[in-house]
$ cat my_file.cif   # mmCIF, C-alpha atoms
data_model
loop_
_atom_site.label_atom_id
_atom_site.label_comp_id
_atom_site.auth_asym_id
_atom_site.auth_seq_id
_atom_site.Cartn_x
_atom_site.Cartn_y
_atom_site.Cartn_z
CA MET A 29 3.97 -4.45 -27.61
CA LYS A 30 2.15 -3.24 -24.55
CA ALA A 31 -1.12 -1.54 -25.44
CA LYS A 32 -2.15 0.41 -22.39
CA THR A 33 -0.66 2.51 -19.65
CA SER A 34 -1.12 1.03 -16.21
CA SER A 35 -3.29 2.94 -13.78
CA GLU A 36 -1.77 4.85 -10.84
CA PRO A 37 -0.65 2.27 -8.25
CA GLY A 38 -2.52 2.05 -4.96
CA ILE A 39 -0.93 2.48 -1.54
CA ILE A 40 -0.04 -1.22 -1.15
CA GLU A 41 1.50 -1.39 -4.62
CA MET A 42 3.35 1.88 -4.01
CA LEU A 43 4.69 0.47 -0.74
CA ALA A 44 5.81 -2.71 -2.52
CA ARG A 45 7.67 -0.61 -5.12
CA SER A 46 9.22 1.54 -2.37
CA ILE A 47 10.41 -1.63 -0.67
CA ALA A 48 11.95 -2.72 -4.01
CA VAL A 49 13.90 0.57 -4.09
CA LEU A 50 14.89 0.04 -0.43
CA ARG A 51 16.09 -3.52 -1.13
CA LYS A 52 18.10 -2.36 -4.11
CA ASP A 53 19.71 0.42 -2.05
CA LEU A 54 20.48 -1.98 0.80
CA VAL A 55 22.11 -4.51 -1.54
CA CYS A 56 24.17 -1.76 -3.23
CA GLU A 57 25.09 -0.31 0.17
CA PHE A 58 26.17 -3.63 1.67
CA ARG A 59 28.30 -4.29 -1.41
CA THR A 60 30.07 -0.91 -1.18
CA ARG A 61 29.46 0.13 2.47
CA TYR A 62 29.96 3.76 1.55
CA ALA A 63 27.24 5.46 3.60
CA ILE A 64 27.39 3.03 6.54
CA ASN A 65 31.15 3.44 6.85
CA ALA A 66 30.92 7.23 6.57
CA ILE A 67 28.18 7.53 9.21
CA VAL A 68 29.43 4.98 11.74
CA LEU A 69 33.09 6.00 11.52
CA PHE A 70 32.17 9.66 11.96
CA ALA A 71 29.93 8.85 14.92
CA VAL A 72 32.40 6.55 16.68
CA THR A 73 35.32 8.94 16.16
CA THR A 74 33.32 11.88 17.49
CA LEU A 75 32.05 9.86 20.43
CA ILE A 76 35.54 8.74 21.41
CA ALA A 77 36.87 12.30 21.13
CA VAL A 78 34.01 13.65 23.24
CA SER A 79 34.25 10.92 25.86
CA PHE A 80 38.02 11.36 26.29
CA SER A 81 37.52 15.13 26.62
CA VAL A 82 34.59 15.27 29.02
CA GLY A 83 33.75 11.68 29.97
CA GLY A 84 35.16 11.81 33.46
CA ALA A 85 34.22 15.41 34.19
CA GLY A 86 30.71 14.62 35.37
CA ILE A 87 28.96 16.81 32.84
CA SER A 88 25.35 17.82 33.39
CA GLN A 89 22.36 15.97 31.92
CA PRO A 90 21.40 18.77 29.48
CA ILE A 91 24.93 18.70 28.04
CA GLN A 92 24.87 14.90 27.77
CA ALA A 93 21.59 15.05 25.83
CA THR A 94 22.97 17.80 23.60
CA LEU A 95 26.16 15.86 22.86
CA LEU A 96 24.19 12.74 21.94
CA TRP A 97 22.03 14.63 19.42
CA ILE A 98 24.97 16.55 18.00
CA ILE A 99 26.74 13.25 17.28
CA ILE A 100 23.60 11.80 15.68
CA TYR A 101 22.93 14.99 13.69
CA PHE A 102 26.41 15.42 12.21
CA SER A 103 26.79 11.69 11.53
CA ALA A 104 23.47 11.81 9.65
CA LEU A 105 24.67 14.79 7.63
CA SER A 106 27.77 12.85 6.60
CA GLY A 107 25.85 9.98 5.01
CA LEU A 108 22.17 10.61 4.37
CA SER A 109 22.69 12.73 1.26
CA ARG A 110 24.15 9.69 -0.51
CA ALA A 111 20.67 8.35 -1.21
CA PHE A 112 20.23 10.69 -4.17
CA VAL A 113 23.74 12.00 -4.79
CA LYS A 114 24.93 8.51 -5.73
CA GLU A 115 22.09 8.07 -8.24
CA GLU A 116 23.01 11.34 -9.97
CA GLU A 117 26.77 10.78 -9.87
CA SER A 118 26.59 7.25 -11.26
CA ARG A 119 23.95 8.33 -13.86
CA THR A 120 21.51 5.69 -12.64
CA ALA A 121 18.95 8.40 -11.84
CA THR A 122 17.84 8.41 -15.50
CA ALA A 123 17.02 4.70 -15.47
CA LEU A 124 15.24 5.09 -12.13
CA LYS A 125 13.20 8.03 -13.45
CA LEU A 126 12.25 6.02 -16.54
CA ALA A 127 11.11 3.02 -14.53
CA ALA A 128 9.84 4.10 -11.12
CA SER A 129 7.17 6.54 -10.01
CA PRO A 130 8.41 9.47 -7.91
CA GLY A 131 6.39 8.25 -4.92
CA ALA A 132 8.10 4.85 -4.97
CA VAL A 133 11.53 6.46 -5.24
CA PHE A 134 10.91 8.87 -2.37
CA GLY A 135 9.42 6.10 -0.21
CA GLY A 136 12.36 3.77 -0.87
CA LYS A 137 14.99 6.42 -0.23
CA LEU A 138 13.24 7.53 2.95
CA LEU A 139 13.02 3.97 4.28
CA PHE A 140 16.70 3.50 3.47
CA ASN A 141 17.70 6.64 5.37
CA ILE A 142 15.52 5.68 8.35
CA LEU A 143 17.15 2.24 8.45
CA LEU A 144 20.60 3.78 8.16
CA LEU A 145 19.90 6.07 11.13
CA PHE A 146 18.50 3.21 13.19
CA MET A 147 21.62 1.15 12.44
CA LEU A 148 23.75 4.10 13.53
CA GLU A 149 21.82 4.46 16.77
CA VAL A 150 22.03 0.75 17.55
CA VAL A 151 25.81 1.20 17.52
CA ILE A 152 26.21 4.68 18.93
CA VAL A 153 23.60 4.90 21.73
CA PRO A 154 24.84 1.92 23.82
CA LEU A 155 28.41 3.20 23.36
CA PHE A 156 27.35 6.68 24.41
CA VAL A 157 25.49 5.39 27.46
CA GLY A 158 28.54 3.35 28.50
CA MET A 159 31.31 5.82 27.73
CA MET A 160 29.53 8.92 29.03
CA SER A 161 28.01 7.14 32.07
CA LEU A 162 24.57 8.28 30.97
CA GLN A 163 21.85 7.55 33.55
CA VAL A 164 18.49 7.29 31.81
CA LYS A 165 15.46 7.34 34.14
CA GLY A 166 12.72 7.09 31.50
CA TRP A 167 13.84 4.48 28.97
CA LEU A 168 10.54 4.33 27.09
CA LEU A 169 10.52 8.10 26.54
CA PHE A 170 14.23 8.01 25.66
CA VAL A 171 13.70 5.36 22.97
CA MET A 172 10.56 7.01 21.60
CA VAL A 173 12.24 10.41 21.34
CA LEU A 174 15.18 8.81 19.53
CA VAL A 175 12.92 6.89 17.14
CA THR A 176 10.59 9.79 16.26
CA GLY A 177 13.46 12.26 16.13
CA SER A 178 15.38 9.97 13.78
CA ILE A 179 12.41 9.53 11.48
CA GLY A 180 11.92 13.33 11.38
CA LEU A 181 15.59 13.79 10.70
CA ALA A 182 15.48 11.19 7.92
CA VAL A 183 12.42 12.75 6.23
CA ALA A 184 13.96 16.23 6.13
CA ALA A 185 17.39 14.92 5.11
CA THR A 186 15.87 12.83 2.30
CA ILE A 187 14.06 15.74 0.64
CA VAL A 188 17.08 18.03 1.03
CA ALA A 189 19.29 15.28 -0.46
CA ALA A 190 16.98 15.16 -3.49
CA ILE A 191 17.25 18.94 -3.88
CA VAL A 192 21.05 19.11 -3.63
CA SER A 193 21.77 16.01 -5.74
CA LYS A 194 21.75 18.05 -8.97
CA ALA A 195 23.93 20.85 -7.60
CA ASN A 196 27.70 21.15 -7.87
CA ALA A 197 28.64 21.87 -4.24
CA LYS A 198 26.49 19.05 -2.87
CA GLY A 199 28.16 18.62 0.52
CA ALA A 200 28.13 22.28 1.51
CA LEU A 201 24.64 22.84 0.16
CA PHE A 202 23.29 19.80 2.00
CA ALA A 203 24.60 21.12 5.33
CA VAL A 204 23.39 24.67 4.69
CA LEU A 205 19.89 23.68 3.55
CA SER A 206 19.46 20.96 6.16
CA PHE A 207 20.34 23.06 9.17
CA PRO A 208 17.27 25.34 9.29
CA LEU A 209 14.98 22.43 8.40
CA LEU A 210 16.46 20.11 11.00
CA LEU A 211 16.82 22.65 13.81
CA PRO A 212 13.31 21.95 15.21
CA VAL A 213 14.10 18.20 15.37
CA LEU A 214 17.45 18.85 16.98
CA ILE A 215 16.12 21.20 19.67
CA THR A 216 13.04 19.10 20.42
CA GLY A 217 15.09 15.90 20.43
CA ILE A 218 17.56 17.39 22.90
CA HIS A 219 14.75 18.65 25.11
CA GLY A 220 12.91 15.30 25.04
CA THR A 221 16.11 13.38 25.78
CA GLN A 222 16.84 15.67 28.74
CA ALA A 223 13.36 14.89 30.07
CA ALA A 224 13.97 11.14 29.67
CA ILE A 225 17.33 11.38 31.46
CA SER A 226 16.07 13.45 34.38
CA SER A 227 12.65 11.92 35.02
CA SER A 228 11.07 8.49 34.96
CA VAL A 229 7.65 10.07 34.29
CA PHE A 230 6.75 9.45 30.63
CA MET A 231 4.48 12.51 30.48
CA SER A 232 7.39 14.82 31.26
CA GLY A 233 8.45 14.60 27.63
CA ILE A 234 5.07 14.15 25.97
CA ASP A 235 5.04 17.68 24.51
CA ASP A 236 8.37 17.06 22.83
CA LEU A 237 7.13 13.75 21.49
CA LYS A 238 3.99 15.38 20.11
CA LEU A 239 6.08 18.07 18.45
CA LEU A 240 8.39 15.50 16.89
CA VAL A 241 5.48 13.44 15.55
CA SER A 242 3.79 16.59 14.17
CA TYR A 243 7.00 17.81 12.57
CA THR A 244 7.60 14.41 10.97
CA GLY A 245 4.02 14.20 9.68
CA VAL A 246 4.06 17.70 8.18
CA MET A 247 7.50 17.25 6.67
CA PHE A 248 6.51 13.86 5.19
CA VAL A 249 3.36 15.19 3.53
CA VAL A 250 5.10 18.31 2.17
CA SER A 251 8.02 16.21 0.90
CA LEU A 252 5.70 13.76 -0.85
CA LEU A 253 3.88 16.65 -2.54
CA VAL A 254 6.98 18.49 -3.76
CA PHE A 255 9.22 15.51 -4.51
CA ARG A 256 7.87 14.89 -8.01
CA PHE A 257 8.80 18.41 -9.10
CA ILE A 258 12.29 18.10 -7.61
CA TRP A 259 12.91 14.63 -9.03
CA GLU A 260 11.51 15.25 -12.50
CA ASP A 261 13.58 18.37 -13.10
CA MET B 5 -3.05 -6.66 -30.30
CA SER B 6 -2.40 -3.73 -32.63
CA VAL B 7 -2.34 -0.28 -31.16
CA VAL B 8 -2.93 3.04 -32.87
CA ILE B 9 -0.09 5.19 -31.74
CA SER B 10 1.13 8.65 -32.60
CA LEU B 11 3.76 11.04 -31.36
CA GLU B 12 3.58 14.75 -32.00
CA LEU B 13 6.09 17.45 -31.13
CA ARG B 14 4.38 20.83 -31.02
CA ASP B 15 6.59 23.89 -31.29
CA ILE B 16 9.19 22.51 -28.89
CA SER B 17 12.00 24.75 -27.74
CA LYS B 18 14.63 24.29 -25.07
CA SER B 19 16.99 26.73 -23.43
CA PHE B 20 19.53 26.19 -20.68
CA GLY B 21 19.89 29.60 -19.05
CA ALA B 22 20.52 32.13 -21.77
CA ARG B 23 21.56 29.49 -24.28
CA ASP B 24 18.91 28.36 -26.75
CA ILE B 25 19.46 24.75 -27.76
CA PHE B 26 16.69 24.62 -30.35
CA SER B 27 13.32 26.19 -31.03
CA GLY B 28 10.22 25.65 -33.14
CA ILE B 29 10.55 21.88 -33.42
CA ASN B 30 7.43 20.39 -34.98
CA ALA B 31 7.05 16.78 -36.05
CA LYS B 32 4.40 14.12 -36.13
CA THR B 33 4.83 10.42 -36.58
CA GLY B 34 2.83 7.24 -36.37
CA PRO B 35 4.36 3.75 -36.37
CA GLY B 36 7.76 3.91 -37.99
CA CYS B 37 11.10 5.47 -37.29
CA LEU B 38 11.84 9.15 -36.79
CA VAL B 39 15.54 9.81 -37.11
CA VAL B 40 16.83 12.91 -35.34
CA THR B 41 20.12 14.09 -36.69
CA GLY B 42 22.34 17.16 -36.46
CA ARG B 43 25.79 18.16 -35.47
CA ASN B 44 27.20 17.82 -31.92
CA GLY B 45 25.46 20.18 -29.53
CA SER B 46 22.39 20.57 -31.73
CA GLY B 47 20.20 19.06 -29.00
CA LYS B 48 19.45 15.54 -30.25
CA SER B 49 19.87 13.95 -26.82
CA THR B 50 17.99 16.82 -25.19
CA LEU B 51 15.05 16.31 -27.55
CA LEU B 52 14.96 12.60 -26.69
CA ARG B 53 15.00 13.43 -22.99
CA ILE B 54 12.09 15.81 -23.53
CA ILE B 55 10.12 13.11 -25.39
CA ALA B 56 10.87 10.65 -22.57
CA GLY B 57 9.54 13.16 -20.03
CA LEU B 58 12.90 13.35 -18.25
CA ILE B 59 13.12 17.11 -18.75
CA ALA B 60 10.48 19.68 -19.59
CA PRO B 61 10.63 21.73 -22.78
CA THR B 62 10.98 25.50 -22.35
CA THR B 63 7.97 25.95 -24.63
CA GLY B 64 5.75 23.60 -26.58
CA GLU B 65 4.49 20.14 -25.77
CA VAL B 66 4.92 16.49 -26.55
CA VAL B 67 1.66 14.74 -27.35
CA LEU B 68 1.78 10.97 -27.20
CA SER B 69 -1.46 9.19 -28.03
CA LEU B 70 -2.45 5.55 -27.70
CA ASP B 71 -5.70 4.50 -29.36
CA GLY B 72 -6.68 8.15 -29.64
CA GLN B 73 -6.14 8.80 -25.93
CA GLN B 74 -3.40 11.19 -24.86
CA VAL B 75 -0.91 9.62 -22.47
CA PRO B 76 -0.41 11.94 -19.47
CA SER B 77 3.20 12.95 -18.93
CA GLU B 78 3.38 11.16 -15.55
CA ARG B 79 2.41 7.87 -17.24
CA ARG B 80 4.81 8.25 -20.15
CA ARG B 81 7.33 5.93 -18.48
CA ASP B 82 4.87 3.05 -19.03
CA VAL B 83 4.95 3.41 -22.82
CA ILE B 84 8.53 4.49 -23.43
CA GLY B 85 11.76 2.52 -23.42
CA MET B 86 15.07 4.31 -23.79
CA VAL B 87 18.69 3.48 -24.55
CA SER B 88 21.09 6.36 -24.08
CA PRO B 89 24.71 7.04 -23.15
CA ASP B 90 23.31 9.24 -20.34
CA LEU B 91 21.66 6.24 -18.77
CA ALA B 92 23.52 3.79 -16.57
CA LEU B 93 22.45 0.70 -14.69
CA TYR B 94 23.62 -0.28 -11.20
CA ASP B 95 27.25 -1.41 -11.26
CA GLU B 96 26.87 -3.09 -7.85
CA LEU B 97 24.14 -5.40 -9.15
CA SER B 98 24.28 -8.16 -11.73
CA ALA B 99 22.44 -7.79 -15.04
CA LEU B 100 19.73 -10.12 -13.77
CA GLU B 101 19.40 -8.23 -10.46
CA ASN B 102 19.13 -4.96 -12.38
CA LEU B 103 16.32 -6.27 -14.59
CA ARG B 104 14.59 -7.89 -11.61
CA PHE B 105 14.69 -4.57 -9.74
CA PHE B 106 13.38 -2.54 -12.67
CA ALA B 107 10.57 -5.06 -13.25
CA ARG B 108 9.55 -4.73 -9.59
CA VAL B 109 9.49 -0.92 -9.58
CA ARG B 110 7.55 -0.92 -12.85
CA GLY B 111 5.04 -3.24 -11.22
CA ILE B 112 5.39 -5.86 -13.96
CA CYS B 113 5.76 -9.57 -13.37
CA ARG B 114 8.79 -11.19 -14.97
CA THR B 115 10.24 -14.53 -13.94
CA ASP B 116 14.00 -15.00 -13.77
CA ASP B 117 13.74 -17.36 -16.75
CA GLN B 118 12.10 -14.64 -18.82
CA LEU B 119 14.75 -12.12 -17.80
CA ARG B 120 17.58 -14.59 -18.51
CA SER B 121 16.05 -15.30 -21.88
CA SER B 122 15.91 -11.57 -22.76
CA LEU B 123 19.58 -11.22 -21.80
CA ALA B 124 20.48 -14.34 -23.79
CA GLN B 125 18.80 -12.86 -26.87
CA LEU B 126 21.19 -9.95 -26.56
CA GLY B 127 24.21 -12.25 -26.39
CA LEU B 128 24.72 -12.19 -22.62
CA GLU B 129 24.06 -15.85 -21.92
CA GLY B 130 26.20 -17.13 -19.05
CA ARG B 131 27.00 -13.62 -17.80
CA GLU B 132 23.59 -12.77 -16.29
CA ASP B 133 24.80 -13.21 -12.71
CA ASP B 134 27.97 -11.15 -13.09
CA ARG B 135 27.98 -7.65 -11.71
CA ILE B 136 27.56 -4.90 -14.29
CA ALA B 137 30.82 -3.36 -13.01
CA SER B 138 32.69 -6.30 -14.56
CA TYR B 139 31.05 -5.80 -17.99
CA SER B 140 32.65 -4.16 -20.99
CA SER B 141 30.99 -1.00 -22.30
CA GLY B 142 29.44 -2.97 -25.16
CA MET B 143 27.94 -5.51 -22.75
CA LYS B 144 26.55 -2.67 -20.66
CA GLN B 145 24.94 -1.26 -23.81
CA ARG B 146 23.30 -4.64 -24.44
CA VAL B 147 21.83 -4.71 -20.92
CA LYS B 148 20.40 -1.25 -21.59
CA TYR B 149 18.50 -2.75 -24.52
CA ALA B 150 17.08 -5.43 -22.24
CA PHE B 151 16.11 -2.67 -19.77
CA ALA B 152 14.42 -0.62 -22.51
CA LEU B 153 12.47 -3.58 -23.91
CA MET B 154 11.44 -5.34 -20.69
CA HIS B 155 7.99 -3.68 -20.43
CA GLN B 156 7.31 -4.03 -24.18
CA PRO B 157 6.85 -0.30 -24.74
CA PRO B 158 5.22 0.96 -27.94
CA VAL B 159 7.73 3.83 -28.13
CA LEU B 160 11.48 3.27 -28.16
CA LEU B 161 13.99 6.11 -27.93
CA PHE B 162 17.53 5.31 -29.01
CA ASP B 163 20.33 7.82 -28.55
CA GLU B 164 23.39 6.70 -30.54
CA PRO B 165 22.09 3.08 -30.51
CA SER B 166 25.23 1.38 -31.80
CA THR B 167 27.59 3.06 -29.34
CA ASN B 168 30.18 0.55 -28.05
CA LEU B 169 28.54 -2.39 -29.81
CA ASP B 170 30.49 -4.97 -31.79
CA GLU B 171 29.16 -6.41 -35.05
CA GLU B 172 27.01 -8.98 -33.30
CA GLY B 173 25.60 -6.28 -31.04
CA ILE B 174 24.90 -4.00 -34.00
CA ARG B 175 23.03 -6.85 -35.69
CA ALA B 176 20.94 -7.36 -32.53
CA ALA B 177 20.19 -3.61 -32.35
CA ASP B 178 19.33 -3.58 -36.05
CA SER B 179 16.89 -6.43 -35.58
CA ILE B 180 15.23 -4.66 -32.61
CA ILE B 181 14.85 -1.38 -34.51
CA THR B 182 13.64 -3.05 -37.71
CA GLU B 183 11.13 -5.21 -35.86
CA HIS B 184 9.84 -2.46 -33.60
CA ARG B 185 9.28 0.22 -36.24
CA ARG B 186 6.72 -2.04 -37.93
CA GLN B 187 4.42 -1.94 -34.91
CA GLY B 188 5.48 1.00 -32.79
CA ILE B 189 7.43 4.22 -32.88
CA VAL B 190 11.20 4.38 -32.84
CA VAL B 191 12.90 7.75 -32.36
CA LEU B 192 16.57 7.47 -33.09
CA ALA B 193 19.15 10.19 -32.49
CA THR B 194 22.31 9.65 -34.46
CA ASN B 195 25.16 11.14 -36.42
CA ASP B 196 25.93 7.83 -38.08
CA GLN B 197 24.98 8.17 -41.76
CA SER B 198 24.36 4.43 -42.03
CA GLU B 199 21.59 4.68 -39.44
CA LEU B 200 19.67 7.21 -41.53
CA ARG B 201 18.34 4.22 -43.48
CA TYR B 202 15.96 3.43 -40.62
CA GLY B 203 14.21 6.78 -40.95
CA ASP B 204 10.69 6.99 -42.30
CA ASN B 205 11.05 10.65 -41.34
CA VAL B 206 14.21 12.61 -40.66
CA LEU B 207 14.34 15.61 -38.37
CA GLU B 208 17.51 17.62 -38.70
CA LEU B 209 18.42 19.93 -35.84
CA GLY B 210 20.34 23.04 -36.74
CA GLY B 211 22.82 23.34 -33.88
CA SER B 212 24.05 26.52 -32.30
#
$ encode --input "my_file.cif" --output "structure tokens"
Amino acid sequence: MKAKTSSEPGIIEMLARSIAVLRKDLVCEFRTRYAINAIVLFAVTTLIAVSFSVGGAGISQPIQATLLWIIIYFSALSGLSRAFVKEEESRTATALKLAASPGAVFGGKLLFNILLLFMLEVVIVPLFVGMMSLQVKGWLLFVMVLVTGSIGLAVAATIVAAIVSKANAKGALFAVLSFPLLLPVLITGIHGTQAAISSSVFMSGIDDLKLLVSYTGVMFVVSLLVFRFIWED
Amino acid sequence: MSVVISLELRDISKSFGARDIFSGINAKTGPGCLVVTGRNGSGKSTLLRIIAGLIAPTTGEVVLSLDGQQVPSERRRDVIGMVSPDLALYDELSALENLRFFARVRGICRTDDQLRSSLAQLGLEGREDDRIASYSSGMKQRVKYAFALMHQPPVLLFDEPSTNLDEEGIRAADSIITEHRRQGIVVLATNDQSELRYGDNVLELGGS
């Protein structure tokens, strides 16, 4: 019989436990492919529909940037809520609550959603560039806006997923609650991507990049603070 | 190493919306077994979830003390193990992968041999690497015991402990309960009259 409670884990230990949650989610995901299939199929279908509709029409750069982010945004909405919804639906959330600290769970789920978005973008961005004849002048800015925007999107989507996982109308609630929270990422991401498409000067999009980093930082800290109360009922 | 342990329920009540599940629950126990009984809907499972820290009581508090020191609610998971029909393990993972994962997130070190041995003790030898999805409900119940015991908690919460178990499984559960109540606390929620024999104390919930 164990005699003592262990002390609160440090940052390294918390990271190790978050990575354990991430590994578990990745193994479960690759054995079912539920979220990956939902996200990638939605993204590819939307991209093909968009490219057949407007691909040859020579659409403007602002519209190209907007279309790219709309595809990423709605694809993310179709799959990122699974991180917590699946735990509640399969009743594994109880075991997870009994074994893991809230910080480790949030960290693991966040890392999983970030990875999922990156995997989506690895597929969708080259396809988008090819099918929509996208001419990017500032590749470094383009990639950095996509990476920071995706992390911001994943942070906000992860905390909203935790909130909606106990509700009945999860899908609708996830979309409704996510939209106002994700709007700043969406608008800034579109603006930053426009800057990367139209100019090779990195500084042309630096304000958007700063805003995305700030948004992500604030959202991460707030999420970490409130997650325990959401997760522990 | 022997540990002085006590569990006290102080004026616990729980409501879901306008519906009161129970109120004014008071109980105190040291090492031994507290049996919680009562008709369906009386709140036995809810009380166990409150003790485990999974849900908060509407009023009152759960005081769990180890060696005279109160265990903070956020650390309660370190000293509690639970088996419940409301708890499921990951169907996509094998029994061994499940235990390996839960050991990692608990921050405890368990070798595969130790985990295999704990599963073998529960009659799952040779099936450790099969996915939980392929298990019968009784086998899943046995893995839940391994999950509850893996961090050697001084407090064990059992909600309907013999659910889905065959005779061999019931004997294994009996041995776990009998052994554990000598050193630690067992809280057992049941409607099975034969399980009342474990109780050093019996708490009967009234129902609604």
$ resolve_selection --input "my_file.cif" --expression "the PyMOL selection byres ((chain B) within 7 of (chain A))" --output "PyMOL selection string"
chain B and resi 7+58-59+79+81-83+90-94+96-97+105-106+108-110+156-158
$ closest_residue --input "my_file.cif" --among "A:Ser109, A:Gln222, A:Gln89, A:Ser81" --to "A:Ser193" --atoms "all atoms listed in the file"
A:Ser109
$ atom_distance --input "my_file.cif" --atom1 "atom CA of B:Val206" --atom2 "atom CA of B:Val39"
4.7 Å
$ resolve_selection --input "my_file.cif" --expression "the PyMOL selection byres ((chain B and resi 161) around 12)" --output "PyMOL selection string"
(chain A and resi 126) or (chain B and resi 11+37-40+48-57+81+83-89+91+148-149+152-153+157-160+162-165+180-181+184-185+188-194)
$ resolve_selection --input "my_file.cif" --expression "the PyMOL selection byres ((chain A and resi 198-209) around 9)" --output "ChimeraX atom specification"
/A:105-106,109,113,181,184-185,188-189,191-197,210-213
$ residues_around --input "my_file.cif" --residues "stretch 229-235 of chain A" --least-positions-apart "6" --cutoff "10 Å" --atoms "all atoms listed in the file" --output "list in words"
Lys165, Gly166, Trp167, Leu168, Leu169, Phe170, Met172, Val173, Thr216, Gly217, His219, Gly220, Thr221, Gln222, Ala223 and Val241 of chain A
$ closest_residue --input "my_file.cif" --among "A:Ile258, A:Leu174, A:Leu162, A:Leu138" --to "A:Val150" --atoms "all atoms listed in the file"
A:Leu174
$ axis_aligned_box --input "my_file.cif" --around "stretch 90-105 of chain B" --padding-each-side "4 Å" --output "AutoDock Vina command-line options"
--center_x 20.9 --center_y -0.4 --center_z -14.1 --size_x 20.7 --size_y 27.4 --size_z 20.5
$ atom_distance --input "my_file.cif" --atom1 "atom CA of A:Ser88" --atom2 "atom CA of A:Met159"
14.5 Å
$ closest_residue --input "my_file.cif" --among "A:Ala224, A:Leu253, A:Gly245, A:Leu75" --to "A:Gln163" --atoms "only C-alpha atoms"
A:Ala224
$ atom_distance --input "my_file.cif" --atom1 "atom CA of B:Ser98" --atom2 "atom CA of B:Ala150"
13.0 Å
$ residues_around --input "my_file.cif" --residues "A:Val249" --least-positions-apart "4" --cutoff "12 Å" --atoms "all atoms listed in the file" --output "mmCIF file with C-alpha atoms, keeping the file's coordinate frame"
data_model
loop_
_atom_site.group_PDB
_atom_site.id
_atom_site.type_symbol
_atom_site.label_atom_id
_atom_site.label_comp_id
_atom_site.auth_asym_id
_atom_site.auth_seq_id
_atom_site.Cartn_x
_atom_site.Cartn_y
_atom_site.Cartn_z
ATOM 1 C CA GLY A 131 6.390 8.250 -4.920
ATOM 2 C CA PHE A 134 10.910 8.870 -2.370
ATOM 3 C CA GLY A 135 9.420 6.100 -0.210
ATOM 4 C CA GLY A 180 11.920 13.330 11.380
ATOM 5 C CA VAL A 183 12.420 12.750 6.230
ATOM 6 C CA ALA A 184 13.960 16.230 6.130
ATOM 7 C CA ILE A 187 14.060 15.740 0.640
ATOM 8 C CA SER A 242 3.790 16.590 14.170
ATOM 9 C CA TYR A 243 7.000 17.810 12.570
ATOM 10 C CA THR A 244 7.600 14.410 10.970
ATOM 11 C CA GLY A 245 4.020 14.200 9.680
ATOM 12 C CA LEU A 253 3.880 16.650 -2.540
ATOM 13 C CA VAL A 254 6.980 18.490 -3.760
ATOM 14 C CA PHE A 255 9.220 15.510 -4.510
#
$ residues_around --input "my_file.cif" --residues "A:Gly86" --least-positions-apart "3" --cutoff "10 Å" --atoms "only C-alpha atoms" --output "list of chain:residue names"
A:Val82, A:Gly83, A:Gln89, A:Gln92, A:Met160, A:Ser161, A:Leu162
$ write_last_selection --input "my_file.cif" --atoms "C-alpha atoms" --output "compact mmCIF listing (two decimals), keeping the file's coordinate frame"
# COMPACT_ATOMS: atom_id res chain seq x y z
CA VAL A 82 34.59 15.27 29.02
CA GLY A 83 33.75 11.68 29.97
CA GLN A 89 22.36 15.97 31.92
CA GLN A 92 24.87 14.90 27.77
CA MET A 160 29.53 8.92 29.03
CA SER A 161 28.01 7.14 32.07
CA LEU A 162 24.57 8.28 30.97
